[in-house]
>>> print(open('final-v3.csv').read())   # CSV, C-alpha atoms
chain,number,residue,atom,x,y,z
I,1,MET,CA,8.3,17.8,17.3
I,2,ASP,CA,11.7,16.5,18.3
I,3,ILE,CA,13.6,13.7,16.5
I,4,GLU,CA,12.5,10.9,18.9
I,5,GLU,CA,8.9,11.8,18.4
I,6,LYS,CA,9.4,11.8,14.6
I,7,VAL,CA,11.0,8.3,14.7
I,8,GLN,CA,8.2,7.1,16.9
I,9,LEU,CA,5.6,8.4,14.5
I,10,VAL,CA,7.3,6.6,11.6
I,11,ARG,CA,7.6,3.4,13.7
I,12,SER,CA,3.9,3.5,14.4
I,13,CYS,CA,3.0,2.7,10.8
I,14,SER,CA,6.0,0.4,10.0
I,15,ALA,CA,6.6,-3.3,9.9
I,16,GLU,CA,10.3,-2.7,9.5
I,17,ILE,CA,12.8,0.2,9.4
I,18,VAL,CA,16.2,-0.4,7.8
I,19,THR,CA,17.7,1.1,9.8
I,20,GLU,CA,16.2,3.0,12.7
I,21,THR,CA,19.6,4.4,13.5
I,22,GLU,CA,20.0,5.8,10.0
I,23,LEU,CA,16.5,7.3,10.1
I,24,ARG,CA,17.4,9.1,13.3
I,25,GLU,CA,20.6,10.3,11.7
I,26,LEU,CA,18.7,11.5,8.7
I,27,PHE,CA,16.3,13.6,10.8
I,28,GLU,CA,19.4,15.1,12.6
I,29,VAL,CA,20.7,16.5,9.3
I,30,ASN,CA,17.5,17.0,7.4
I,31,SER,CA,14.3,18.1,9.2
I,32,ARG,CA,12.3,17.5,6.0
I,33,PRO,CA,13.5,14.4,4.2
I,34,VAL,CA,11.8,13.1,1.0
I,35,ALA,CA,10.1,9.7,0.9
I,36,TYR,CA,8.3,8.0,-1.9
I,37,ASP,CA,5.9,5.2,-2.8
I,38,GLY,CA,5.0,3.9,-6.3
I,39,PHE,CA,1.8,2.6,-7.7
I,40,GLU,CA,1.0,0.8,-10.9
I,41,PRO,CA,-2.2,2.6,-12.1
I,42,SER,CA,-4.7,-0.2,-12.8
I,43,GLY,CA,-8.2,-1.1,-11.9
I,44,LEU,CA,-10.6,0.4,-9.3
I,45,ALA,CA,-9.3,1.5,-6.0
I,46,HIS,CA,-9.6,-0.7,-2.9
I,47,LEU,CA,-8.9,0.0,0.8
I,48,PRO,CA,-5.0,-0.3,0.6
I,49,VAL,CA,-4.8,2.5,-2.0
I,50,ALA,CA,-7.7,4.7,-1.1
I,51,VAL,CA,-7.8,4.6,2.7
I,52,TYR,CA,-4.7,2.8,4.1
I,53,ARG,CA,-2.1,4.8,2.1
I,54,PRO,CA,-3.6,8.2,3.1
I,55,ILE,CA,-3.6,7.2,6.7
I,56,ILE,CA,0.2,6.4,6.5
I,57,LEU,CA,0.8,9.5,4.5
I,58,GLU,CA,-0.7,11.7,7.1
I,59,LYS,CA,1.5,10.3,9.8
I,60,LEU,CA,4.6,10.7,7.7
I,61,MET,CA,3.8,14.3,6.9
I,62,LYS,CA,3.2,15.0,10.6
I,63,ALA,CA,6.8,13.9,11.1
I,64,GLY,CA,7.9,16.6,8.6
I,65,ILE,CA,8.5,14.1,5.7
I,66,ARG,CA,7.8,15.4,2.2
I,67,PHE,CA,6.3,12.8,-0.1
I,68,LYS,CA,6.5,11.8,-3.8
I,69,ILE,CA,3.9,9.5,-5.2
I,70,LEU,CA,5.2,7.8,-8.4
I,71,LEU,CA,2.4,6.8,-10.8
I,72,ALA,CA,4.3,4.0,-12.4
I,73,ASP,CA,2.6,3.8,-15.8
I,74,SER,CA,5.6,2.3,-17.5
I,75,PHE,CA,5.7,-0.5,-14.9
I,76,ALA,CA,2.0,-1.2,-15.4
I,77,TRP,CA,2.7,-1.4,-19.1
I,78,ILE,CA,5.5,-3.9,-18.5
I,79,ASN,CA,3.3,-5.9,-16.1
I,80,ASN,CA,0.5,-6.0,-18.7
I,81,LYS,CA,-2.0,-4.2,-16.6
I,82,LEU,CA,-5.2,-3.1,-18.4
I,83,GLY,CA,-4.1,-5.2,-21.3
I,84,GLY,CA,-0.9,-3.2,-21.6
I,85,ASP,CA,-2.8,-0.2,-23.0
I,86,LEU,CA,-0.7,2.8,-21.9
I,87,GLU,CA,-3.5,5.3,-22.4
I,88,LYS,CA,-5.9,3.3,-20.3
I,89,ILE,CA,-3.2,2.9,-17.7
I,90,ARG,CA,-2.8,6.7,-17.6
I,91,ASP,CA,-6.6,7.1,-17.2
I,92,ALA,CA,-6.3,4.8,-14.2
I,93,GLY,CA,-3.5,7.1,-12.8
I,94,ARG,CA,-5.7,10.2,-13.2
I,95,TYR,CA,-8.5,8.2,-11.4
I,96,PHE,CA,-6.1,7.4,-8.5
I,97,ILE,CA,-5.4,11.1,-8.1
I,98,GLU,CA,-9.2,11.8,-7.8
I,99,VAL,CA,-9.4,8.9,-5.2
I,100,TRP,CA,-6.6,10.5,-3.1
I,101,LYS,CA,-8.2,14.0,-3.4
I,102,ALA,CA,-11.5,12.5,-2.1
I,103,ALA,CA,-9.7,10.8,0.7
I,104,GLY,CA,-8.3,14.1,1.9
I,105,VAL,CA,-4.7,13.9,0.8
I,106,ASP,CA,-3.1,17.3,0.9
I,107,PHE,CA,-1.5,17.8,-2.5
I,108,SER,CA,0.3,20.9,-1.4
I,109,LYS,CA,2.6,18.5,0.5
I,110,VAL,CA,2.6,15.6,-1.9
I,111,GLU,CA,4.2,15.6,-5.4
I,112,ILE,CA,2.7,13.4,-8.1
I,113,VAL,CA,5.3,12.1,-10.6
I,114,TRP,CA,4.4,10.2,-13.8
I,115,HIS,CA,7.0,7.6,-14.6
I,116,LYS,CA,6.8,7.9,-18.4
I,117,ASP,CA,7.1,11.7,-18.3
I,118,HIS,CA,9.7,12.1,-15.6
I,119,PHE,CA,12.1,9.3,-16.7
I,120,ASP,CA,12.1,9.7,-20.4
I,121,ASN,CA,15.7,10.8,-20.4
I,122,PRO,CA,19.2,9.2,-20.9
I,123,ASP,CA,20.3,9.9,-17.4
I,124,TYR,CA,17.7,7.6,-16.0
I,125,TRP,CA,18.6,4.8,-18.3
I,126,LYS,CA,22.3,5.3,-17.5
I,127,LYS,CA,21.4,4.5,-13.9
I,128,VAL,CA,19.3,1.4,-15.0
I,129,ILE,CA,22.3,0.0,-17.0
I,130,LEU,CA,24.8,0.7,-14.3
I,131,ILE,CA,22.7,-1.1,-11.7
I,132,ALA,CA,22.0,-4.0,-14.1
I,133,LYS,CA,25.8,-4.4,-14.7
I,134,ASN,CA,26.3,-5.0,-11.0
I,135,VAL,CA,23.3,-7.3,-10.3
I,136,THR,CA,23.2,-10.9,-11.3
I,137,VAL,CA,20.2,-12.4,-13.2
I,138,SER,CA,19.4,-14.7,-10.3
I,139,ARG,CA,19.3,-11.8,-7.9
I,140,THR,CA,17.0,-9.9,-10.3
I,141,MET,CA,14.7,-12.9,-10.7
I,142,ARG,CA,14.4,-13.3,-6.9
I,143,ALA,CA,13.3,-9.6,-6.8
I,144,LEU,CA,10.4,-10.2,-9.2
I,145,THR,CA,8.1,-10.7,-6.3
I,146,ILE,CA,7.9,-6.9,-6.1
I,147,ALA,CA,5.8,-7.1,-9.2
I,148,GLY,CA,3.6,-9.9,-7.9
I,149,ARG,CA,5.5,-12.4,-10.0
I,150,LYS,CA,7.4,-15.5,-9.0
I,151,GLU,CA,10.7,-16.7,-10.4
I,152,SER,CA,10.3,-18.4,-13.7
I,153,ALA,CA,12.4,-18.9,-16.8
I,154,SER,CA,9.3,-18.6,-18.8
I,155,ASN,CA,8.7,-15.0,-17.7
I,156,PRO,CA,9.0,-12.4,-20.5
I,157,THR,CA,12.4,-10.7,-20.6
I,158,ALA,CA,10.7,-7.4,-20.0
I,159,PHE,CA,9.9,-8.5,-16.4
I,160,LEU,CA,13.6,-8.6,-15.7
I,161,PHE,CA,13.7,-4.8,-16.3
I,162,TYR,CA,11.2,-4.2,-13.5
I,163,PRO,CA,13.4,-4.6,-10.4
I,164,VAL,CA,16.4,-2.7,-11.9
I,165,MET,CA,14.1,0.1,-13.1
I,166,GLN,CA,12.5,0.4,-9.7
I,167,CYS,CA,15.9,0.5,-8.1
I,168,ALA,CA,16.9,3.3,-10.5
I,169,ASP,CA,13.7,5.2,-9.7
I,170,ILE,CA,14.8,5.7,-6.1
I,171,PHE,CA,17.9,7.6,-7.1
I,172,GLN,CA,16.3,9.4,-10.0
I,173,LEU,CA,13.6,10.7,-7.6
I,174,GLU,CA,16.4,11.7,-5.2
I,175,VAL,CA,14.5,10.4,-2.2
I,176,ASP,CA,15.9,9.8,1.3
I,177,ILE,CA,13.3,7.2,2.4
I,178,CYS,CA,11.8,4.3,0.5
I,179,GLN,CA,8.4,4.1,2.2
I,180,LEU,CA,6.6,1.2,0.5
I,181,GLY,CA,4.9,-2.0,1.6
I,182,ILE,CA,6.8,-4.9,2.9
I,183,ASP,CA,6.3,-6.7,-0.4
I,184,GLN,CA,8.7,-4.2,-1.9
I,185,ARG,CA,11.5,-5.0,0.5
I,186,LYS,CA,13.8,-6.9,-1.9
I,187,VAL,CA,14.2,-4.0,-4.3
I,188,ASN,CA,14.8,-1.5,-1.5
I,189,MET,CA,17.5,-3.7,0.0
I,190,LEU,CA,19.0,-3.9,-3.5
I,191,ALA,CA,19.0,-0.1,-3.7
I,192,ARG,CA,20.9,0.1,-0.4
I,193,GLU,CA,23.5,-2.2,-1.8
I,194,VAL,CA,24.1,-0.4,-5.1
I,195,ALA,CA,23.9,3.2,-3.7
I,196,PRO,CA,27.7,3.5,-3.4
I,197,LEU,CA,28.0,2.6,-7.1
I,198,LEU,CA,26.0,5.7,-7.9
I,199,GLY,CA,27.8,7.8,-5.3
I,200,ARG,CA,24.6,8.1,-3.2
I,201,ARG,CA,23.7,7.7,0.4
I,202,LYS,CA,21.9,4.5,1.2
I,203,PRO,CA,18.1,5.2,1.3
I,204,VAL,CA,16.4,4.4,4.6
I,205,ALA,CA,13.8,1.6,4.0
I,206,VAL,CA,10.6,2.0,5.8
I,207,HIS,CA,8.2,-0.8,5.1
I,208,HIS,CA,4.6,-0.8,6.2
I,209,PRO,CA,2.6,-3.9,6.9
I,210,LEU,CA,0.1,-5.0,4.2
I,211,LEU,CA,-3.6,-5.0,4.7
I,212,LEU,CA,-4.9,-8.6,4.9
I,213,GLY,CA,-7.4,-9.9,2.3
I,214,LEU,CA,-10.7,-11.1,3.6
I,215,LYS,CA,-10.1,-14.8,3.0
I,216,ALA,CA,-7.9,-17.2,5.1
I,217,GLY,CA,-4.2,-16.5,4.5
I,218,GLU,CA,-1.6,-18.9,3.4
I,219,ARG,CA,2.1,-18.9,2.3
I,220,GLY,CA,2.6,-18.4,-1.4
I,221,GLY,CA,6.4,-18.6,-1.8
I,222,PHE,CA,7.0,-14.9,-2.4
I,223,ASP,CA,9.7,-14.5,0.3
I,224,GLU,CA,12.0,-16.7,2.3
I,225,ASP,CA,10.9,-15.2,5.6
I,226,GLU,CA,7.7,-17.0,6.7
I,227,LYS,CA,6.0,-14.0,8.3
I,228,ILE,CA,6.8,-11.7,5.3
I,229,ASP,CA,5.7,-14.4,2.9
I,230,PHE,CA,2.4,-14.8,4.7
I,231,MET,CA,1.8,-11.0,4.6
I,232,ILE,CA,2.5,-10.8,0.8
I,233,SER,CA,0.5,-13.9,-0.1
I,234,SER,CA,-2.5,-12.9,2.0
I,235,LYS,CA,-2.6,-9.2,1.2
I,236,MET,CA,-5.9,-7.6,0.0
I,237,SER,CA,-5.7,-7.9,-3.7
I,238,LYS,CA,-7.9,-6.3,-6.5
I,239,SER,CA,-7.4,-9.5,-8.4
I,240,VAL,CA,-9.6,-11.4,-5.9
I,241,PRO,CA,-12.7,-9.1,-5.7
I,242,ASP,CA,-14.4,-10.9,-2.8
I,243,SER,CA,-11.3,-10.6,-0.8
I,244,ALA,CA,-11.1,-6.8,-1.2
I,245,ILE,CA,-13.3,-3.8,-0.2
I,246,PHE,CA,-13.5,-1.3,-3.1
I,247,ILE,CA,-14.4,2.3,-2.6
I,248,HIS,CA,-17.3,2.0,-5.0
I,249,ASP,CA,-18.8,-1.0,-3.1
I,250,SER,CA,-22.3,-0.2,-1.7
I,251,LYS,CA,-23.1,-0.6,1.9
I,252,GLU,CA,-24.8,-3.9,1.1
I,253,GLU,CA,-21.8,-5.1,-0.9
I,254,ILE,CA,-19.4,-4.2,2.0
I,255,TRP,CA,-21.6,-6.2,4.4
I,256,ARG,CA,-21.8,-9.2,2.1
I,257,LYS,CA,-18.0,-9.3,1.8
I,258,ILE,CA,-17.3,-8.8,5.5
I,259,ARG,CA,-20.0,-11.3,6.5
I,260,GLY,CA,-18.3,-13.9,4.3
I,261,ALA,CA,-14.8,-13.1,5.6
I,262,PHE,CA,-12.4,-15.4,7.5
I,263,CYS,CA,-12.8,-14.5,11.2
I,264,PRO,CA,-11.8,-17.3,13.6
I,265,PRO,CA,-13.3,-16.8,17.1
I,266,LYS,CA,-10.9,-15.8,19.9
I,267,VAL,CA,-8.0,-15.4,17.3
I,268,ALA,CA,-6.6,-12.0,16.5
I,269,GLU,CA,-3.4,-13.0,14.6
I,270,GLY,CA,-4.0,-13.4,10.9
I,271,ASN,CA,-7.6,-12.4,11.3
I,272,PRO,CA,-8.5,-10.0,8.5
I,273,ILE,CA,-11.4,-8.4,10.4
I,274,MET,CA,-9.2,-7.6,13.3
I,275,ASP,CA,-6.6,-6.4,10.9
I,276,LEU,CA,-9.1,-3.9,9.4
I,277,MET,CA,-10.0,-2.8,12.9
I,278,GLU,CA,-6.4,-2.1,13.8
I,279,LYS,CA,-5.1,-0.5,10.6
I,280,ILE,CA,-8.2,1.3,9.4
I,281,VAL,CA,-11.0,1.8,11.9
I,282,PHE,CA,-9.0,2.7,15.0
I,283,GLU,CA,-6.9,5.1,12.9
I,284,LYS,CA,-10.1,6.9,12.0
I,285,TYR,CA,-12.0,6.8,15.3
I,286,ARG,CA,-11.1,7.5,18.9
I,287,GLU,CA,-13.9,5.2,20.2
I,288,VAL,CA,-15.3,2.1,18.5
I,289,THR,CA,-18.5,0.5,19.7
I,290,VAL,CA,-19.4,-3.1,19.0
I,291,GLU,CA,-23.0,-4.0,19.4
I,292,ARG,CA,-23.6,-7.5,20.8
I,293,LYS,CA,-26.7,-9.6,20.2
I,294,GLY,CA,-28.5,-10.1,23.5
I,295,LYS,CA,-25.8,-8.3,25.5
I,296,ASN,CA,-24.7,-4.8,26.3
I,297,ALA,CA,-22.6,-3.0,23.7
I,298,LEU,CA,-18.9,-2.6,24.3
I,299,THR,CA,-17.0,0.6,23.6
I,300,PHE,CA,-13.2,0.6,23.1
I,301,THR,CA,-10.7,3.4,23.0
I,302,SER,CA,-7.8,1.4,21.6
I,303,TYR,CA,-7.2,-1.6,19.4
I,304,ASN,CA,-5.5,-3.5,22.2
I,305,GLU,CA,-8.6,-3.2,24.3
I,306,LEU,CA,-10.7,-4.7,21.5
I,307,ARG,CA,-8.1,-7.4,20.9
I,308,GLU,CA,-8.1,-8.5,24.5
I,309,ALA,CA,-11.9,-8.7,24.6
I,310,TYR,CA,-12.1,-10.6,21.4
I,311,VAL,CA,-9.4,-13.2,22.4
I,312,LYS,CA,-11.3,-13.7,25.7
I,313,GLY,CA,-14.4,-14.6,23.7
I,314,GLU,CA,-16.3,-11.5,24.9
I,315,ILE,CA,-17.2,-10.6,21.3
I,316,HIS,CA,-18.8,-13.0,18.8
I,317,PRO,CA,-17.2,-12.9,15.3
I,318,LEU,CA,-20.6,-11.9,13.7
I,319,ASP,CA,-20.9,-8.9,16.1
I,320,LEU,CA,-17.3,-7.9,15.2
I,321,LYS,CA,-18.1,-8.2,11.5
I,322,GLU,CA,-21.2,-6.0,11.8
I,323,ALA,CA,-19.2,-3.3,13.6
I,324,THR,CA,-16.4,-3.5,11.1
I,325,ALA,CA,-18.7,-3.2,8.1
I,326,ARG,CA,-20.6,-0.3,9.7
I,327,TYR,CA,-17.4,1.7,10.3
I,328,LEU,CA,-15.9,0.8,6.9
I,329,ASN,CA,-19.0,2.0,5.1
I,330,ASP,CA,-18.8,5.3,7.0
I,331,ILE,CA,-15.2,5.7,6.1
I,332,VAL,CA,-15.7,4.9,2.4
I,333,ASP,CA,-18.9,6.8,1.9
I,334,PRO,CA,-17.4,10.3,1.4
I,335,ILE,CA,-15.0,8.9,-1.3
I,336,ARG,CA,-17.8,7.0,-2.9
I,337,ARG,CA,-20.1,10.1,-3.0
I,338,HIS,CA,-17.3,12.2,-4.5
I,339,PHE,CA,-17.4,9.9,-7.6
I,340,GLU,CA,-21.1,10.1,-7.7
I,341,GLU,CA,-21.4,13.9,-7.4
I,342,ASP,CA,-18.3,15.3,-9.1
I,343,LYS,CA,-18.4,15.2,-12.9
I,344,LYS,CA,-14.7,15.0,-13.5
I,345,ALA,CA,-14.2,12.3,-10.9
I,346,ARG,CA,-17.2,10.4,-12.4
I,347,GLU,CA,-15.7,10.5,-15.9
I,348,THR,CA,-12.3,9.1,-14.7
I,349,TYR,CA,-14.2,6.3,-12.8
I,350,GLU,CA,-16.3,5.4,-15.8
I,351,LYS,CA,-13.2,5.2,-18.0
I,352,VAL,CA,-11.4,2.8,-15.6
I,353,ARG,CA,-14.5,0.8,-15.0
I,354,SER,CA,-15.0,0.4,-18.8
I,355,ALA,CA,-11.4,-0.6,-19.2
I,356,GLU,CA,-11.8,-3.2,-16.5
I,357,ILE,CA,-14.8,-4.8,-18.2
I,358,THR,CA,-13.4,-4.8,-21.7
I,359,ARG,CA,-9.8,-5.9,-21.1
>>> encode(input="final-v3.csv", output="structure tokens")
Amino acid sequence: MDIEEKVQLVRSCSAEIVTETELRELFEVNSRPVAYDGFEPSGLAHLPVAVYRPIILEKLMKAGIRFKILLADSFAWINNKLGGDLEKIRDAGRYFIEVWKAAGVDFSKVEIVWHKDHFDNPDYWKKVILIAKNVTVSRTMRALTIAGRKESASNPTAFLFYPVMQCADIFQLEVDICQLGIDQRKVNMLAREVAPLLGRRKPVAVHHPLLLGLKAGERGGFDEDEKIDFMISSKMSKSVPDSAIFIHDSKEEIWRKIRGAFCPPKVAEGNPIMDLMEKIVFEKYREVTVERKGKNALTFTSYNELREAYVKGEIHPLDLKEATARYLNDIVDPIRRHFEEDKKARETYEKVRSAEITR
């Protein structure tokens, strides 16, 4: 695969690349650069973690990119996930690993890093302090949206550590590419600014679009850019269960959620059902068939074909929902069954489910 093909592959799963020229230059000097994404281990896995992330991972690995997944247990602790119980948080991290195994992630090409274990050393904290000395409090507060928090003087002081620590992670992990969701943009831009202070090359920032939640989207004040703010505010979130599809949802539960989802007729933009078709279903299937009540079924070989038909009114929203629910259930089913049939996986699931109920 030549460099332009690699860049195109990365572009295909990105909302933004900062900068594409730097990405191309990186591939010219390093055929196997290192990228990373970080996850706060907490709660049960939904589509963004269990299905969407592996889809993007596969594309990046095809481009020759090596990947590190940071299980950010320390960050989940700061963010009071699972009641701030670090052992429960680590149980959730082990559960995430089982999720990705079931989803087909090739762990011979992906390195798992635990934040607490890997960063419990003075060198890491030296980076944190050096970055903090060169970043204002107001800038740090503006970056709090990466943790799903808004600027507020009433936030615990520990929250202010979050952006600076995440910035230091990038250099401690020695990555070339920050490959995270667009909601993490602010800290990646900060890392690019402070890189010279640490004598490091600016990391390339590759931000993927976020999977929309099932309810109607709205702006929430997380970013100055209207489009980015809409994506962050409307993303599929575990904290709004009826807005998210979880891998343990039954076929009936998936259909209930999809049936109640926002899906305006003849509108593709901001439509979560169309978003699922584009980012999940068409990434998994070469052909997608939509059964229509009282009409012939339609088969599509690309999302753009489906989009055109839907915008023209050739597909009723309910027919689109039925097709989406059917394909999503087929995609989730092998992961769901892994946790039903594998003893170790089942135990990790039960621990996390129990922690969710009791916290």
>>> residues_around(input="final-v3.csv", residues="region 297-299 of chain I", least_positions_apart="2", cutoff="10 Å", atoms="only C-alpha atoms", output="PyMOL selection string")
chain I and resi 287-295+301-302+305-306+309+314-315+319
>>> closest_residue(input="final-v3.csv", among="I:Ile177, I:Leu9, I:Ile247, I:Leu86", to="Ile335 (chain I)", atoms="only C-alpha atoms")
I:Ile247
>>> atom_distance(input="final-v3.csv", atom1="CA of Met61 (chain I)", atom2="CA of Glu28 (chain I)")
16.6 Å
>>> closest_residue(input="final-v3.csv", among="I:Leu130, I:Ile69, I:Ile228, I:Val99", to="Gly199 (chain I)", atoms="all atoms listed in the file")
I:Leu130
>>> closest_residue(input="final-v3.csv", among="I:Ala216, I:Leu44, I:Val34, I:Val206", to="Ala92 (chain I)", atoms="only C-alpha atoms")
I:Leu44
>>> residues_near_point(input="final-v3.csv", point="(-15.5, 11.7, -4.5)", cutoff="12 Å", atoms="only C-alpha atoms", output="ChimeraX atom specification")
/I:50,95-104,247-248,332-349
>>> atom_distance(input="final-v3.csv", atom1="CA of Pro122 (chain I)", atom2="CA of Tyr162 (chain I)")
17.3 Å
>>> atom_distance(input="final-v3.csv", atom1="CA of Leu82 (chain I)", atom2="CA of Ser239 (chain I)")
12.1 Å
>>> residues_around(input="final-v3.csv", residues="Val311 (chain I)", least_positions_apart="5", cutoff="7 Å", atoms="only C-alpha atoms", output="list in words")
Lys266, Val267 and Ala268 of chain I
>>> residues_around(input="final-v3.csv", residues="Ile254 (chain I)", least_positions_apart="2", cutoff="8 Å", atoms="only C-alpha atoms", output="list in words")
Ile245, Asp249, Ser250, Lys251, Glu252, Arg256, Lys257, Ile258, Ala325, Leu328 and Asn329 of chain I
>>> build_atoms(input="final-v3.csv", residues="region 242-263 of chain I", atoms="N, CA and C atoms", output="PDB file, in the frame of the given file")
ATOM      1  N   ASP I 242     -13.717 -10.649  -4.088  1.00  0.00           N
ATOM      2  CA  ASP I 242     -14.400 -10.900  -2.800  1.00  0.00           C
ATOM      3  C   ASP I 242     -13.510 -10.890  -1.627  1.00  0.00           C
ATOM      4  N   SER I 243     -12.216 -10.743  -1.870  1.00  0.00           N
ATOM      5  CA  SER I 243     -11.300 -10.600  -0.800  1.00  0.00           C
ATOM      6  C   SER I 243     -10.907  -9.165  -0.498  1.00  0.00           C
ATOM      7  N   ALA I 244     -11.483  -8.258  -1.284  1.00  0.00           N
ATOM      8  CA  ALA I 244     -11.100  -6.800  -1.200  1.00  0.00           C
ATOM      9  C   ALA I 244     -12.380  -5.969  -1.043  1.00  0.00           C
ATOM     10  N   ILE I 245     -12.234  -4.866  -0.312  1.00  0.00           N
ATOM     11  CA  ILE I 245     -13.300  -3.800  -0.200  1.00  0.00           C
ATOM     12  C   ILE I 245     -12.862  -2.706  -1.167  1.00  0.00           C
ATOM     13  N   PHE I 246     -13.728  -2.385  -2.127  1.00  0.00           N
ATOM     14  CA  PHE I 246     -13.500  -1.300  -3.100  1.00  0.00           C
ATOM     15  C   PHE I 246     -14.254  -0.058  -2.637  1.00  0.00           C
ATOM     16  N   ILE I 247     -13.742   1.111  -3.002  1.00  0.00           N
ATOM     17  CA  ILE I 247     -14.400   2.300  -2.600  1.00  0.00           C
ATOM     18  C   ILE I 247     -15.753   2.551  -3.211  1.00  0.00           C
ATOM     19  N   HIS I 248     -16.017   1.849  -4.298  1.00  0.00           N
ATOM     20  CA  HIS I 248     -17.300   2.000  -5.000  1.00  0.00           C
ATOM     21  C   HIS I 248     -18.311   0.918  -4.522  1.00  0.00           C
ATOM     22  N   ASP I 249     -17.887   0.039  -3.625  1.00  0.00           N
ATOM     23  CA  ASP I 249     -18.800  -1.000  -3.100  1.00  0.00           C
ATOM     24  C   ASP I 249     -19.923  -0.285  -2.311  1.00  0.00           C
ATOM     25  N   SER I 250     -21.134  -0.751  -2.500  1.00  0.00           N
ATOM     26  CA  SER I 250     -22.300  -0.200  -1.700  1.00  0.00           C
ATOM     27  C   SER I 250     -22.220  -0.710  -0.304  1.00  0.00           C
ATOM     28  N   LYS I 251     -23.043  -0.121   0.533  1.00  0.00           N
ATOM     29  CA  LYS I 251     -23.100  -0.600   1.900  1.00  0.00           C
ATOM     30  C   LYS I 251     -23.473  -2.043   1.983  1.00  0.00           C
ATOM     31  N   GLU I 252     -24.388  -2.475   1.125  1.00  0.00           N
ATOM     32  CA  GLU I 252     -24.800  -3.900   1.100  1.00  0.00           C
ATOM     33  C   GLU I 252     -23.670  -4.790   0.627  1.00  0.00           C
ATOM     34  N   GLU I 253     -22.905  -4.311  -0.347  1.00  0.00           N
ATOM     35  CA  GLU I 253     -21.800  -5.100  -0.900  1.00  0.00           C
ATOM     36  C   GLU I 253     -20.691  -5.239   0.164  1.00  0.00           C
ATOM     37  N   ILE I 254     -20.419  -4.170   0.887  1.00  0.00           N
ATOM     38  CA  ILE I 254     -19.400  -4.200   2.000  1.00  0.00           C
ATOM     39  C   ILE I 254     -19.832  -5.246   3.001  1.00  0.00           C
ATOM     40  N   TRP I 255     -21.092  -5.211   3.394  1.00  0.00           N
ATOM     41  CA  TRP I 255     -21.600  -6.200   4.400  1.00  0.00           C
ATOM     42  C   TRP I 255     -21.501  -7.590   3.884  1.00  0.00           C
ATOM     43  N   ARG I 256     -21.843  -7.811   2.623  1.00  0.00           N
ATOM     44  CA  ARG I 256     -21.800  -9.200   2.100  1.00  0.00           C
ATOM     45  C   ARG I 256     -20.352  -9.716   2.126  1.00  0.00           C
ATOM     46  N   LYS I 257     -19.383  -8.881   1.764  1.00  0.00           N
ATOM     47  CA  LYS I 257     -18.000  -9.300   1.800  1.00  0.00           C
ATOM     48  C   LYS I 257     -17.479  -9.554   3.194  1.00  0.00           C
ATOM     49  N   ILE I 258     -17.794  -8.621   4.084  1.00  0.00           N
ATOM     50  CA  ILE I 258     -17.300  -8.800   5.500  1.00  0.00           C
ATOM     51  C   ILE I 258     -17.996  -9.964   6.134  1.00  0.00           C
ATOM     52  N   ARG I 259     -19.257 -10.168   5.890  1.00  0.00           N
ATOM     53  CA  ARG I 259     -20.000 -11.300   6.500  1.00  0.00           C
ATOM     54  C   ARG I 259     -19.351 -12.633   6.066  1.00  0.00           C
ATOM     55  N   GLY I 260     -18.868 -12.707   4.824  1.00  0.00           N
ATOM     56  CA  GLY I 260     -18.300 -13.900   4.300  1.00  0.00           C
ATOM     57  C   GLY I 260     -16.773 -14.061   4.613  1.00  0.00           C
ATOM     58  N   ALA I 261     -16.214 -13.097   5.334  1.00  0.00           N
ATOM     59  CA  ALA I 261     -14.800 -13.100   5.600  1.00  0.00           C
ATOM     60  C   ALA I 261     -14.328 -14.101   6.601  1.00  0.00           C
ATOM     61  N   PHE I 262     -13.081 -14.482   6.498  1.00  0.00           N
ATOM     62  CA  PHE I 262     -12.400 -15.400   7.500  1.00  0.00           C
ATOM     63  C   PHE I 262     -12.328 -14.594   8.797  1.00  0.00           C
ATOM     64  N   CYS I 263     -12.827 -15.179   9.876  1.00  0.00           N
ATOM     65  CA  CYS I 263     -12.800 -14.500  11.200  1.00  0.00           C
ATOM     66  C   CYS I 263     -12.887 -15.529  12.289  1.00  0.00           C
TER      67      CYS I 263
END
